[in-house]
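S.K.: Encoded as structure tokens, here's the structure I'll be asking about.
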Amino acid sequence: MMVLDDLEQVGLLLFVAAVVAIATQRFRLPYSVGLVAAGIGLAVAPISLDLKLSRELIFSIFLPPIVFEAALNLHWHDLRRNAPLLAMFASAGVIVAAIVVAAGMHFLADWSWAAAALFGALIAATDPVSVIATFKNVTIDPRLHLLVEGESLLNDGTAAVAFAVVLAVVAGQHAEPDAIGWLVLRMVAGGIACGVAVAFGLLLLAGRTKDVLVELTLTTLIAYGSFLLADAGGMSGVLAALTAGIIVGNSGTLGAISATSRASLINYWAYVAFLANSLIFLLIGAQIARQPFTDVIGPAAIAIVIVLVGRAVAIYGLSGLFAWSRQRVELRHQHVLVWGGLRGALALGLVFGLPLDLPGRGQIVTVAFAVVAFSIVVQGLTMTPLLRWLKLIGE
């Protein structure tokens, strides 16, 4: 077996990512699916690939740029116009989906309430990377694009907070309602405050230079600084990076980022997010190949079905509340939101954060990987045919 050092492994992963990008574009396949397949191939190849996913790697390296870049492209006036709907999907939608999944895993898979609740919380957030990539290659309704991307960003923060609350309750901490309320407030308000403070603080500094490279460096510090500061303080790093990204992306009126630097800023962060997504999906594929799925076929099948049911209940149910308002969601768009609710990096980052002594931890991790693999491969591959069938794109 060929043994590679860390730098050589990163070089190999980047080369594979580039080749996969070329191949998937040529054959019009979802990029994330190709990366996962390539990762599985690397895992079974005679190469010692020691780089493995962990909570620290996902939360410290991959998530900050992924969340920040996506938030960077969200326009404030579009968010404000759809705020009630997005807020409902990202809050009540996550809670409803998590409850459905928790109940399903408890009653159908015979999991304990603690394990089922933790799984429901961590798997509730969506990560539709391949869906968004598909949207960029076709002409799609701008509002549908906003709903898919905006909801996935906002519900990341909700799911991370919900998981922290459930984990604290399971561990016997903060079990009182007032303590739980304080924990939620601290994570949400604290995360947003970290994003605001870091973003505005460094944007003021950016306003003192017209050097593009310095401005890009400062936005890098904003992305990672806001996330890591909040995470280190027990607050939501996802909400911090999300807030910071929205502020930087809509900071034109502040004059902090020069007009000539805007294109460079967008291109730079598109590349950074491309690298982060490429590496994380390759590593997901490599780790999927190592999971003992044969030991959890029953619970995994139940989880896949119940996660889809939970998503459907949340989207169709909550969309009905807006059926006679200006926030109304077209039924075809609801179908896309349900099937496009893929799972990915955040779910795995949270599952790796489960206590090592948690009963059934190994099964929860493996089932989470099964759900992520199904969503990326099956839902990712069938998204374009679904869009054509719904007549949302042409042939």
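Just so we're on the same page: first chain in the structure tokens is A, next is B, and so on; residues restart at 1 for each chain, and ligands are numbered from 1 in the order they show up.
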Let's see if you can do this: from backbone DSSP, list all helix (DSSP H, G or I) residues in region 156-391 of chain A, as a count of residues only.
M.R.: 185
S.K.: Give me the residues within 9 Å of Ala37 (chain A) as an NGL selection string, counting only C-alpha atoms and dropping any in the same chain fewer than 6 places off.
M.R.: :A and (282 or 285-286 or 377)
S.K.: Write out as a PyMOL selection string each polymer residue whose atoms come within 10 Å of region 94-96 of chain A, counting only C-alpha atoms; drop sequence neighbours fewer than 6 positions from it.
M.R.: chain A and resi 88+102+120-126+154-156+158-159+162+310-311+313-315+317-318
S.K.: Could you write out that same residue set with all heavy atoms as a compact mmCIF listing (two decimals), in the first residue's frame?
M.R.:
```txt
# COMPACT_ATOMS: atom_id res chain seq x y z
N MET A 88 -40.21 30.66 9.15
CA MET A 88 -41.06 29.54 9.53
C MET A 88 -40.42 28.20 9.13
O MET A 88 -40.38 27.26 9.93
CB MET A 88 -42.44 29.67 8.86
CG MET A 88 -43.44 28.61 9.28
SD MET A 88 -43.88 28.70 11.02
CE MET A 88 -44.96 30.14 11.01
N ALA A 102 -37.51 11.77 15.32
CA ALA A 102 -37.28 11.20 16.65
C ALA A 102 -38.36 10.18 17.00
O ALA A 102 -38.06 9.07 17.47
CB ALA A 102 -37.24 12.31 17.69
N GLY A 120 -32.70 12.99 15.49
CA GLY A 120 -33.67 13.86 14.85
C GLY A 120 -33.15 15.29 14.74
O GLY A 120 -33.34 15.95 13.70
N ALA A 121 -32.49 15.78 15.78
CA ALA A 121 -31.97 17.15 15.77
C ALA A 121 -30.81 17.31 14.79
O ALA A 121 -30.74 18.29 14.04
CB ALA A 121 -31.53 17.55 17.17
N LEU A 122 -29.90 16.35 14.77
CA LEU A 122 -28.69 16.51 13.94
C LEU A 122 -28.97 16.30 12.46
O LEU A 122 -28.26 16.84 11.60
CB LEU A 122 -27.58 15.59 14.43
CG LEU A 122 -27.73 14.07 14.25
CD1 LEU A 122 -27.23 13.59 12.90
CD2 LEU A 122 -26.97 13.34 15.37
N ILE A 123 -30.01 15.53 12.15
CA ILE A 123 -30.28 15.22 10.73
C ILE A 123 -31.30 16.18 10.14
O ILE A 123 -31.61 16.10 8.93
CB ILE A 123 -30.80 13.76 10.60
CG1 ILE A 123 -30.42 13.16 9.23
CG2 ILE A 123 -32.30 13.68 10.83
CD1 ILE A 123 -28.95 12.92 9.04
N ALA A 124 -31.80 17.13 10.93
CA ALA A 124 -32.88 18.00 10.47
C ALA A 124 -32.41 19.07 9.48
O ALA A 124 -33.18 19.53 8.64
CB ALA A 124 -33.56 18.68 11.66
N ALA A 125 -31.15 19.50 9.59
CA ALA A 125 -30.66 20.58 8.72
C ALA A 125 -30.39 20.06 7.31
O ALA A 125 -29.94 18.92 7.12
CB ALA A 125 -29.37 21.17 9.29
N THR A 126 -30.68 20.89 6.32
CA THR A 126 -30.46 20.50 4.92
C THR A 126 -29.18 21.12 4.39
O THR A 126 -28.72 22.16 4.86
CB THR A 126 -31.64 20.96 4.05
OG1 THR A 126 -31.80 22.38 4.16
CG2 THR A 126 -32.92 20.28 4.50
N LEU A 154 -30.38 29.14 6.97
CA LEU A 154 -31.01 29.49 8.23
C LEU A 154 -31.29 28.27 9.10
O LEU A 154 -31.13 28.31 10.32
CB LEU A 154 -32.31 30.26 7.97
CG LEU A 154 -32.15 31.63 7.32
CD1 LEU A 154 -33.52 32.20 6.93
CD2 LEU A 154 -31.42 32.59 8.24
N ASN A 155 -31.68 27.15 8.47
CA ASN A 155 -32.00 25.98 9.30
C ASN A 155 -30.75 25.29 9.82
O ASN A 155 -30.82 24.50 10.75
CB ASN A 155 -32.95 25.01 8.58
CG ASN A 155 -32.33 24.26 7.43
OD1 ASN A 155 -31.12 24.13 7.31
ND2 ASN A 155 -33.18 23.75 6.55
N ASP A 156 -29.59 25.58 9.22
CA ASP A 156 -28.33 25.08 9.79
C ASP A 156 -28.16 25.60 11.21
O ASP A 156 -27.80 24.85 12.14
CB ASP A 156 -27.14 25.53 8.93
CG ASP A 156 -26.93 24.63 7.73
OD1 ASP A 156 -27.69 23.67 7.56
OD2 ASP A 156 -25.99 24.90 6.95
N THR A 158 -30.52 26.75 13.24
CA THR A 158 -31.56 26.19 14.10
C THR A 158 -31.23 24.77 14.53
O THR A 158 -31.37 24.41 15.70
CB THR A 158 -32.92 26.21 13.39
OG1 THR A 158 -33.20 27.53 12.94
CG2 THR A 158 -34.03 25.75 14.33
N ALA A 159 -30.79 23.96 13.57
CA ALA A 159 -30.47 22.55 13.88
C ALA A 159 -29.30 22.46 14.85
O ALA A 159 -29.30 21.62 15.76
CB ALA A 159 -30.16 21.80 12.59
N ALA A 162 -30.67 23.37 18.23
CA ALA A 162 -31.55 22.31 18.73
C ALA A 162 -30.73 21.11 19.19
O ALA A 162 -31.03 20.50 20.24
CB ALA A 162 -32.52 21.89 17.63
N GLY A 310 -40.52 13.32 7.45
CA GLY A 310 -40.42 14.51 8.29
C GLY A 310 -40.26 15.77 7.48
O GLY A 310 -40.87 16.81 7.78
N ARG A 311 -39.45 15.70 6.45
CA ARG A 311 -39.25 16.86 5.56
C ARG A 311 -40.56 17.21 4.85
O ARG A 311 -40.91 18.39 4.74
CB ARG A 311 -38.17 16.52 4.54
CG ARG A 311 -37.87 17.60 3.51
CD ARG A 311 -37.20 18.79 4.12
NE ARG A 311 -36.84 19.77 3.10
CZ ARG A 311 -36.42 20.99 3.36
NH1 ARG A 311 -36.29 21.41 4.61
NH2 ARG A 311 -36.11 21.83 2.38
N VAL A 313 -43.67 16.55 5.81
CA VAL A 313 -44.63 17.10 6.78
C VAL A 313 -44.32 18.56 7.06
O VAL A 313 -45.23 19.41 7.10
CB VAL A 313 -44.60 16.28 8.10
CG1 VAL A 313 -45.40 16.98 9.19
CG2 VAL A 313 -45.14 14.88 7.86
N ALA A 314 -43.05 18.87 7.24
CA ALA A 314 -42.64 20.25 7.54
C ALA A 314 -42.94 21.19 6.38
O ALA A 314 -43.55 22.26 6.57
CB ALA A 314 -41.16 20.30 7.90
N ILE A 315 -42.53 20.82 5.17
CA ILE A 315 -42.67 21.73 4.03
C ILE A 315 -44.13 21.87 3.60
O ILE A 315 -44.65 22.99 3.48
CB ILE A 315 -41.82 21.24 2.84
CG1 ILE A 315 -40.34 21.32 3.19
CG2 ILE A 315 -42.11 22.09 1.60
CD1 ILE A 315 -39.83 22.71 3.52
N GLY A 317 -46.87 21.05 5.25
CA GLY A 317 -47.70 21.55 6.33
C GLY A 317 -47.53 23.05 6.54
O GLY A 317 -48.52 23.79 6.62
N LEU A 318 -46.29 23.51 6.61
CA LEU A 318 -46.05 24.94 6.85
C LEU A 318 -46.38 25.79 5.63
O LEU A 318 -46.81 26.94 5.77
CB LEU A 318 -44.60 25.16 7.28
CG LEU A 318 -44.21 24.52 8.62
CD1 LEU A 318 -42.73 24.73 8.91
CD2 LEU A 318 -45.05 25.09 9.75
```
S.K.: Which residues are near region 230-237 of chain A? Cut-off 7 Å, only C-alpha atoms, ignore same chain within fewer than 5 positions. Put them as a list in words.
M.R.: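 Everything that qualifies: Gly157, Val161, Arg186, Met187, Val188, Gly190, Gly191 and Cys194 of chain A.
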S.K.: Could you write those residues out with N, CA and C atoms, as a PDB file, in the first residue's frame?
M.R.:
```pdb
ATOM      1  N   GLY A 157     -28.397  26.890  11.376  1.00  0.00           N
ATOM      2  CA  GLY A 157     -28.268  27.484  12.701  1.00  0.00           C
ATOM      3  C   GLY A 157     -29.274  26.909  13.677  1.00  0.00           C
ATOM      4  N   VAL A 161     -28.420  24.650  17.107  1.00  0.00           N
ATOM      5  CA  VAL A 161     -28.912  25.050  18.433  1.00  0.00           C
ATOM      6  C   VAL A 161     -29.771  23.943  19.031  1.00  0.00           C
ATOM      7  N   ARG A 186     -28.632  32.340  24.467  1.00  0.00           N
ATOM      8  CA  ARG A 186     -27.184  32.580  24.409  1.00  0.00           C
ATOM      9  C   ARG A 186     -26.602  32.109  23.083  1.00  0.00           C
ATOM     10  N   MET A 187     -27.023  30.947  22.621  1.00  0.00           N
ATOM     11  CA  MET A 187     -26.478  30.424  21.369  1.00  0.00           C
ATOM     12  C   MET A 187     -26.916  31.266  20.167  1.00  0.00           C
ATOM     13  N   VAL A 188     -28.199  31.637  20.131  1.00  0.00           N
ATOM     14  CA  VAL A 188     -28.716  32.388  18.982  1.00  0.00           C
ATOM     15  C   VAL A 188     -28.244  33.834  19.016  1.00  0.00           C
ATOM     16  N   GLY A 190     -26.015  35.223  20.935  1.00  0.00           N
ATOM     17  CA  GLY A 190     -24.558  35.311  20.995  1.00  0.00           C
ATOM     18  C   GLY A 190     -23.904  35.073  19.647  1.00  0.00           C
ATOM     19  N   GLY A 191     -24.419  34.091  18.907  1.00  0.00           N
ATOM     20  CA  GLY A 191     -23.876  33.820  17.584  1.00  0.00           C
ATOM     21  C   GLY A 191     -24.066  34.995  16.644  1.00  0.00           C
ATOM     22  N   CYS A 194     -21.754  37.847  17.643  1.00  0.00           N
ATOM     23  CA  CYS A 194     -20.370  37.611  17.208  1.00  0.00           C
ATOM     24  C   CYS A 194     -20.209  37.941  15.727  1.00  0.00           C
TER      25      CYS A 194
END
```
S.K.: Could you name the residues that touch Arg55 (chain A) at 6 Å or less, counting only C-alpha atoms, but leaving out those on the same chain fewer than 4 positions away, as a PyMOL selection string?
M.R.: chain A and resi 59+349+352-353
S.K.: Can you work out which one of A:Ala312, A:Gly207, A:Ser152, A:Phe119 has the shortest atom-to-atom distance to Ala98 (chain A), counting only C-alpha atoms?
M.R.: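 Smallest distance to Ala98 (chain A) is found for A:Phe119.
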S.K.: Using only C-alpha atoms, determine which residues lie at most 6 Å from Val372 (chain A), disregarding the query and same-chain residues fewer than 3 positions distant; provide the list as an mmCIF file with N, CA, C and O atoms, in the first residue's frame.
M.R.:
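To be explicit, this is the file written out as selection-v7.cif:
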```cif
data_model
loop_
_atom_site.group_PDB
_atom_site.id
_atom_site.type_symbol
_atom_site.label_atom_id
_atom_site.label_comp_id
_atom_site.auth_asym_id
_atom_site.auth_seq_id
_atom_site.Cartn_x
_atom_site.Cartn_y
_atom_site.Cartn_z
ATOM 1 N N ARG A 343 -28.913 16.078 2.935
ATOM 2 C CA ARG A 343 -28.150 16.195 4.181
ATOM 3 C C ARG A 343 -26.663 16.110 3.871
ATOM 4 O O ARG A 343 -26.263 15.447 2.904
ATOM 5 N N GLY A 344 -25.842 16.781 4.709
ATOM 6 C CA GLY A 344 -24.420 16.798 4.392
ATOM 7 C C GLY A 344 -23.527 17.146 5.557
ATOM 8 O O GLY A 344 -23.596 16.514 6.624
ATOM 9 N N PHE A 369 -24.626 8.474 8.324
ATOM 10 C CA PHE A 369 -23.897 8.361 7.055
ATOM 11 C C PHE A 369 -24.792 7.747 5.974
ATOM 12 O O PHE A 369 -24.716 8.139 4.806
ATOM 13 N N SER A 375 -29.181 10.715 0.388
ATOM 14 C CA SER A 375 -29.624 12.032 -0.080
ATOM 15 C C SER A 375 -28.705 12.584 -1.163
ATOM 16 O O SER A 375 -29.178 13.128 -2.161
#
```
S.K.: Could you state the separation of CA of Ile247 (chain A) and CA of Phe200 (chain A) in Å, given to one decimal place?
M.R.: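 Separation between CA of Ile247 (chain A) and CA of Phe200 (chain A): 7.9 Å.
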